[in-house]
Amino acid sequence: MFYFDPLYFLFALPPLLLGLWAQFRVKSAFNKYSQVTLSNRISGAQAARMILDRSGLGNVDVEETRGMLSDHYDPRSKKLHLSEQVYELPSIASVGVAAHEAGHALQDKKGYIPLQIRSAMVPAVSIGSNLGPIIFIVGMFMAGSFGTTLAWTGILLFAATALFALVTLPVEFDASKRAKEILVSQGIVSRQELKGVNAVLDAAALTYVAAAAQAIMQLLYFITIMNRRN
């Protein structure tokens, strides 16, 4: 029955709209600044390599991967994966994204605690995000016979997803901050070009805020359902 609960839209609609707005801003900013060639014509891959080498991270490989904006740093394999556009193009957007991912490698080197926490949470989150809602729904249907323990178990599992989204925020914000500082200090971008980098990375940061809002609001909705049932 709660699938069609009008209350759900009060919890789900605001973060959904924020997420759509964030995605629009990211695509708009990236498309705009991917067409602005960097004055020194350094590609995203070259920028990442320069930042890593100058930071004593020559052991971190920079590899090309498929998928639009599929860029990420893997702390387990010590590899920085850049999407095709970011890897190849000498644009402001490409260099900004590449520097952001290199920022994660710097976090890993310096033992940045939020990054360590997020990495440690990955197994629990992969379970909680998929099984949590299912266990919650099953628990709600079986509450009349077995009580609400199973439903609360699903909520606790999903809570790991919300916590993961919250921990992700300082990790991403810090990586962007490091990227902006390094790009200027190492002379990879000029002060004028940094404005484009800011537009791209700030838009990307909004997507993480939206993801956290969505996870938290869904968790609050589950808890509200339980309180109403009680």
# chains A, B, ... in the order shown; residues from 1 in each chain; ligands from 1
>>> closest_atom_pairs(of="region 80-146 of chain A", to="region 174-196 of chain A", cutoff="7 Å", atoms="only C-alpha atoms", output="tab-separated table")
residue	atom	partner	partner_atom	distance
A:Ile92	CA	A:Gly196	CA	6.3
A:Ala99	CA	A:Ala179	CA	4.9
A:His100	CA	A:Ala179	CA	5.0
A:Gly103	CA	A:Ala175	CA	4.5
A:His104	CA	A:Ala175	CA	5.6
>>> write_last_selection(atoms="N, CA, C and O atoms", output="compact mmCIF listing (two decimals), in the first residue's frame")
# COMPACT_ATOMS: atom_id res chain seq x y z
N ILE A 92 39.37 22.70 -20.82
CA ILE A 92 39.27 23.12 -19.42
C ILE A 92 38.49 22.09 -18.61
O ILE A 92 38.87 21.73 -17.49
N ALA A 99 42.03 16.46 -12.75
CA ALA A 99 42.69 16.94 -11.53
C ALA A 99 41.89 16.55 -10.29
O ALA A 99 42.46 16.24 -9.25
N HIS A 100 40.58 16.57 -10.42
CA HIS A 100 39.73 16.15 -9.30
C HIS A 100 40.01 14.70 -8.92
O HIS A 100 40.16 14.37 -7.74
N GLY A 103 43.11 14.34 -7.25
CA GLY A 103 42.95 14.77 -5.86
C GLY A 103 42.61 13.61 -4.94
O GLY A 103 43.04 13.58 -3.78
N HIS A 104 41.84 12.65 -5.45
CA HIS A 104 41.53 11.46 -4.65
C HIS A 104 42.79 10.62 -4.39
O HIS A 104 42.95 10.04 -3.31
>>> residues_around(residues="region 116-120 of chain A", least_positions_apart="4", cutoff="9 Å", atoms="only C-alpha atoms", output="list in words")
Pro75, Arg76, Asp108, Gly111, Tyr112, Ala124, Phe164, Ala165, Val167, Thr168 and Val171 of chain A
>>> write_last_selection(atoms="all heavy atoms", output="short mmCIF file (atom, residue, chain, number, x, y, z; two decimals), in the first residue's frame")
data_model
loop_
_atom_site.label_atom_id
_atom_site.label_comp_id
_atom_site.auth_asym_id
_atom_site.auth_seq_id
_atom_site.Cartn_x
_atom_site.Cartn_y
_atom_site.Cartn_z
N PRO A 75 41.33 3.23 -5.07
CA PRO A 75 42.40 3.17 -4.07
C PRO A 75 42.97 1.77 -3.87
O PRO A 75 44.07 1.62 -3.34
CB PRO A 75 41.71 3.69 -2.80
CG PRO A 75 40.27 3.40 -3.00
CD PRO A 75 40.03 3.58 -4.47
N ARG A 76 42.21 0.75 -4.30
CA ARG A 76 42.71 -0.62 -4.13
C ARG A 76 43.78 -0.96 -5.16
O ARG A 76 44.83 -1.51 -4.82
CB ARG A 76 41.54 -1.61 -4.23
CG ARG A 76 40.49 -1.46 -3.13
CD ARG A 76 39.23 -2.22 -3.47
NE ARG A 76 38.63 -1.71 -4.70
CZ ARG A 76 37.54 -2.21 -5.25
NH1 ARG A 76 36.94 -3.25 -4.69
NH2 ARG A 76 37.04 -1.69 -6.37
N ASP A 108 44.40 9.59 -0.82
CA ASP A 108 44.80 8.23 -0.48
C ASP A 108 46.23 8.20 0.05
O ASP A 108 46.54 7.52 1.05
CB ASP A 108 44.68 7.34 -1.72
CG ASP A 108 44.89 5.87 -1.41
OD1 ASP A 108 44.69 5.46 -0.25
OD2 ASP A 108 45.24 5.12 -2.34
N GLY A 111 46.43 9.55 3.58
CA GLY A 111 45.60 8.88 4.57
C GLY A 111 44.40 9.71 5.00
O GLY A 111 44.06 9.73 6.19
N TYR A 112 43.78 10.40 4.05
CA TYR A 112 42.62 11.23 4.34
C TYR A 112 41.52 10.36 4.94
O TYR A 112 41.01 9.43 4.29
CB TYR A 112 42.16 11.90 3.06
CG TYR A 112 41.04 12.89 3.22
CD1 TYR A 112 41.18 14.02 4.01
CD2 TYR A 112 39.83 12.70 2.55
CE1 TYR A 112 40.15 14.94 4.14
CE2 TYR A 112 38.80 13.62 2.67
CZ TYR A 112 38.97 14.73 3.47
OH TYR A 112 37.93 15.64 3.59
N ALA A 124 29.43 -2.86 2.73
CA ALA A 124 28.16 -2.75 3.45
C ALA A 124 27.15 -1.97 2.63
O ALA A 124 25.95 -2.29 2.63
CB ALA A 124 28.38 -2.06 4.80
N PHE A 164 26.89 6.58 3.86
CA PHE A 164 27.90 6.58 2.81
C PHE A 164 27.80 7.86 1.98
O PHE A 164 28.82 8.48 1.64
CB PHE A 164 27.71 5.36 1.92
CG PHE A 164 28.71 5.25 0.80
CD1 PHE A 164 29.97 4.71 1.01
CD2 PHE A 164 28.39 5.70 -0.48
CE1 PHE A 164 30.90 4.60 -0.02
CE2 PHE A 164 29.31 5.61 -1.51
CZ PHE A 164 30.55 5.05 -1.28
N ALA A 165 26.57 8.26 1.66
CA ALA A 165 26.37 9.48 0.87
C ALA A 165 26.86 10.71 1.63
O ALA A 165 27.41 11.63 1.03
CB ALA A 165 24.89 9.62 0.52
N VAL A 167 29.26 10.71 4.01
CA VAL A 167 30.73 10.65 4.08
C VAL A 167 31.34 11.05 2.75
O VAL A 167 32.46 11.61 2.71
CB VAL A 167 31.17 9.22 4.49
CG1 VAL A 167 32.68 9.08 4.39
CG2 VAL A 167 30.70 8.89 5.89
N THR A 168 30.63 10.78 1.66
CA THR A 168 31.13 11.10 0.33
C THR A 168 31.29 12.61 0.14
O THR A 168 32.20 13.06 -0.59
CB THR A 168 30.19 10.53 -0.75
OG1 THR A 168 30.23 9.10 -0.69
CG2 THR A 168 30.60 10.99 -2.14
N VAL A 171 34.69 14.05 1.06
CA VAL A 171 35.69 13.45 0.18
C VAL A 171 35.71 14.16 -1.17
O VAL A 171 36.78 14.52 -1.68
CB VAL A 171 35.40 11.94 -0.02
CG1 VAL A 171 36.36 11.34 -1.05
CG2 VAL A 171 35.52 11.19 1.31
#
>>> select_by_dssp(residues="region 6-224 of chain A", states="strand (DSSP E or B)", output="number ranges by chain")
A: 37, 61-65, 72-74, 79-83, 91
>>> closest_residue(among="A:Val138, A:Val60, A:Ala159, A:Ile113", to="Gln214 (chain A)", atoms="only C-alpha atoms")
A:Ala159
>>> closest_residue(among="A:Ala162, A:Leu89, A:Glu172, A:Val200", to="Tyr73 (chain A)", atoms="only C-alpha atoms")
A:Glu172
>>> residues_around(residues="region 81-86 of chain A", least_positions_apart="6", cutoff="8 Å", atoms="only C-alpha atoms", output="number ranges by chain")
A: 43-45, 62-74, 93-95, 97-98
>>> write_last_selection(atoms="N, CA, C and O atoms", output="short mmCIF file (atom, residue, chain, number, x, y, z; two decimals), in the first residue's frame")
data_model
loop_
_atom_site.label_atom_id
_atom_site.label_comp_id
_atom_site.auth_asym_id
_atom_site.auth_seq_id
_atom_site.Cartn_x
_atom_site.Cartn_y
_atom_site.Cartn_z
N SER A 43 46.18 17.67 -22.25
CA SER A 43 44.99 16.84 -22.14
C SER A 43 44.73 16.46 -20.68
O SER A 43 45.59 16.66 -19.81
N GLY A 44 43.57 15.90 -20.45
CA GLY A 44 43.25 15.46 -19.10
C GLY A 44 44.23 14.42 -18.59
O GLY A 44 44.66 14.46 -17.43
N ALA A 45 44.59 13.47 -19.44
CA ALA A 45 45.54 12.43 -19.06
C ALA A 45 46.90 13.02 -18.73
O ALA A 45 47.56 12.62 -17.76
N VAL A 62 47.42 5.94 -14.94
CA VAL A 62 46.30 6.69 -15.51
C VAL A 62 45.82 5.91 -16.73
O VAL A 62 46.57 5.72 -17.69
N GLU A 63 44.59 5.45 -16.70
CA GLU A 63 44.06 4.62 -17.77
C GLU A 63 42.77 5.20 -18.34
O GLU A 63 42.02 5.87 -17.65
N GLU A 64 42.54 4.92 -19.61
CA GLU A 64 41.31 5.37 -20.27
C GLU A 64 40.22 4.33 -20.06
O GLU A 64 40.47 3.12 -20.11
N THR A 65 39.00 4.80 -19.80
CA THR A 65 37.88 3.90 -19.59
C THR A 65 36.69 4.39 -20.39
O THR A 65 36.60 5.56 -20.76
N ARG A 66 35.76 3.51 -20.66
CA ARG A 66 34.59 3.87 -21.44
C ARG A 66 33.49 4.44 -20.55
O ARG A 66 33.44 4.19 -19.37
N GLY A 67 32.60 5.19 -21.20
CA GLY A 67 31.47 5.74 -20.46
C GLY A 67 31.59 7.23 -20.25
O GLY A 67 32.67 7.73 -19.91
N MET A 68 30.49 7.93 -20.43
CA MET A 68 30.48 9.38 -20.25
C MET A 68 30.64 9.73 -18.78
O MET A 68 29.87 9.26 -17.93
N LEU A 69 31.65 10.50 -18.45
CA LEU A 69 31.93 10.93 -17.08
C LEU A 69 31.99 9.74 -16.11
O LEU A 69 31.43 9.79 -15.02
N SER A 70 32.66 8.69 -16.54
CA SER A 70 32.84 7.51 -15.71
C SER A 70 34.16 7.57 -14.95
O SER A 70 34.68 6.56 -14.47
N ASP A 71 34.71 8.76 -14.82
CA ASP A 71 36.02 8.96 -14.21
C ASP A 71 35.99 8.60 -12.72
O ASP A 71 35.06 8.96 -12.00
N HIS A 72 37.03 7.92 -12.27
CA HIS A 72 37.13 7.57 -10.85
C HIS A 72 38.55 7.11 -10.52
O HIS A 72 39.31 6.70 -11.41
N TYR A 73 38.85 7.19 -9.24
CA TYR A 73 40.14 6.69 -8.72
C TYR A 73 39.86 5.46 -7.87
O TYR A 73 38.97 5.48 -7.01
N ASP A 74 40.60 4.39 -8.13
CA ASP A 74 40.45 3.15 -7.37
C ASP A 74 41.59 3.04 -6.36
O ASP A 74 42.73 2.77 -6.76
N ALA A 93 37.39 21.58 -19.19
CA ALA A 93 36.57 20.59 -18.48
C ALA A 93 37.35 19.31 -18.23
O ALA A 93 37.31 18.74 -17.12
N SER A 94 38.07 18.83 -19.23
CA SER A 94 38.83 17.58 -19.10
C SER A 94 39.90 17.67 -18.03
O SER A 94 40.05 16.78 -17.20
N VAL A 95 40.63 18.77 -18.05
CA VAL A 95 41.70 18.96 -17.07
C VAL A 95 41.14 19.11 -15.66
O VAL A 95 41.70 18.59 -14.70
N VAL A 97 38.29 17.78 -14.43
CA VAL A 97 37.85 16.47 -13.97
C VAL A 97 39.04 15.57 -13.64
O VAL A 97 39.06 14.87 -12.62
N ALA A 98 40.05 15.59 -14.50
CA ALA A 98 41.24 14.76 -14.27
C ALA A 98 41.95 15.17 -12.99
O ALA A 98 42.40 14.31 -12.21
#
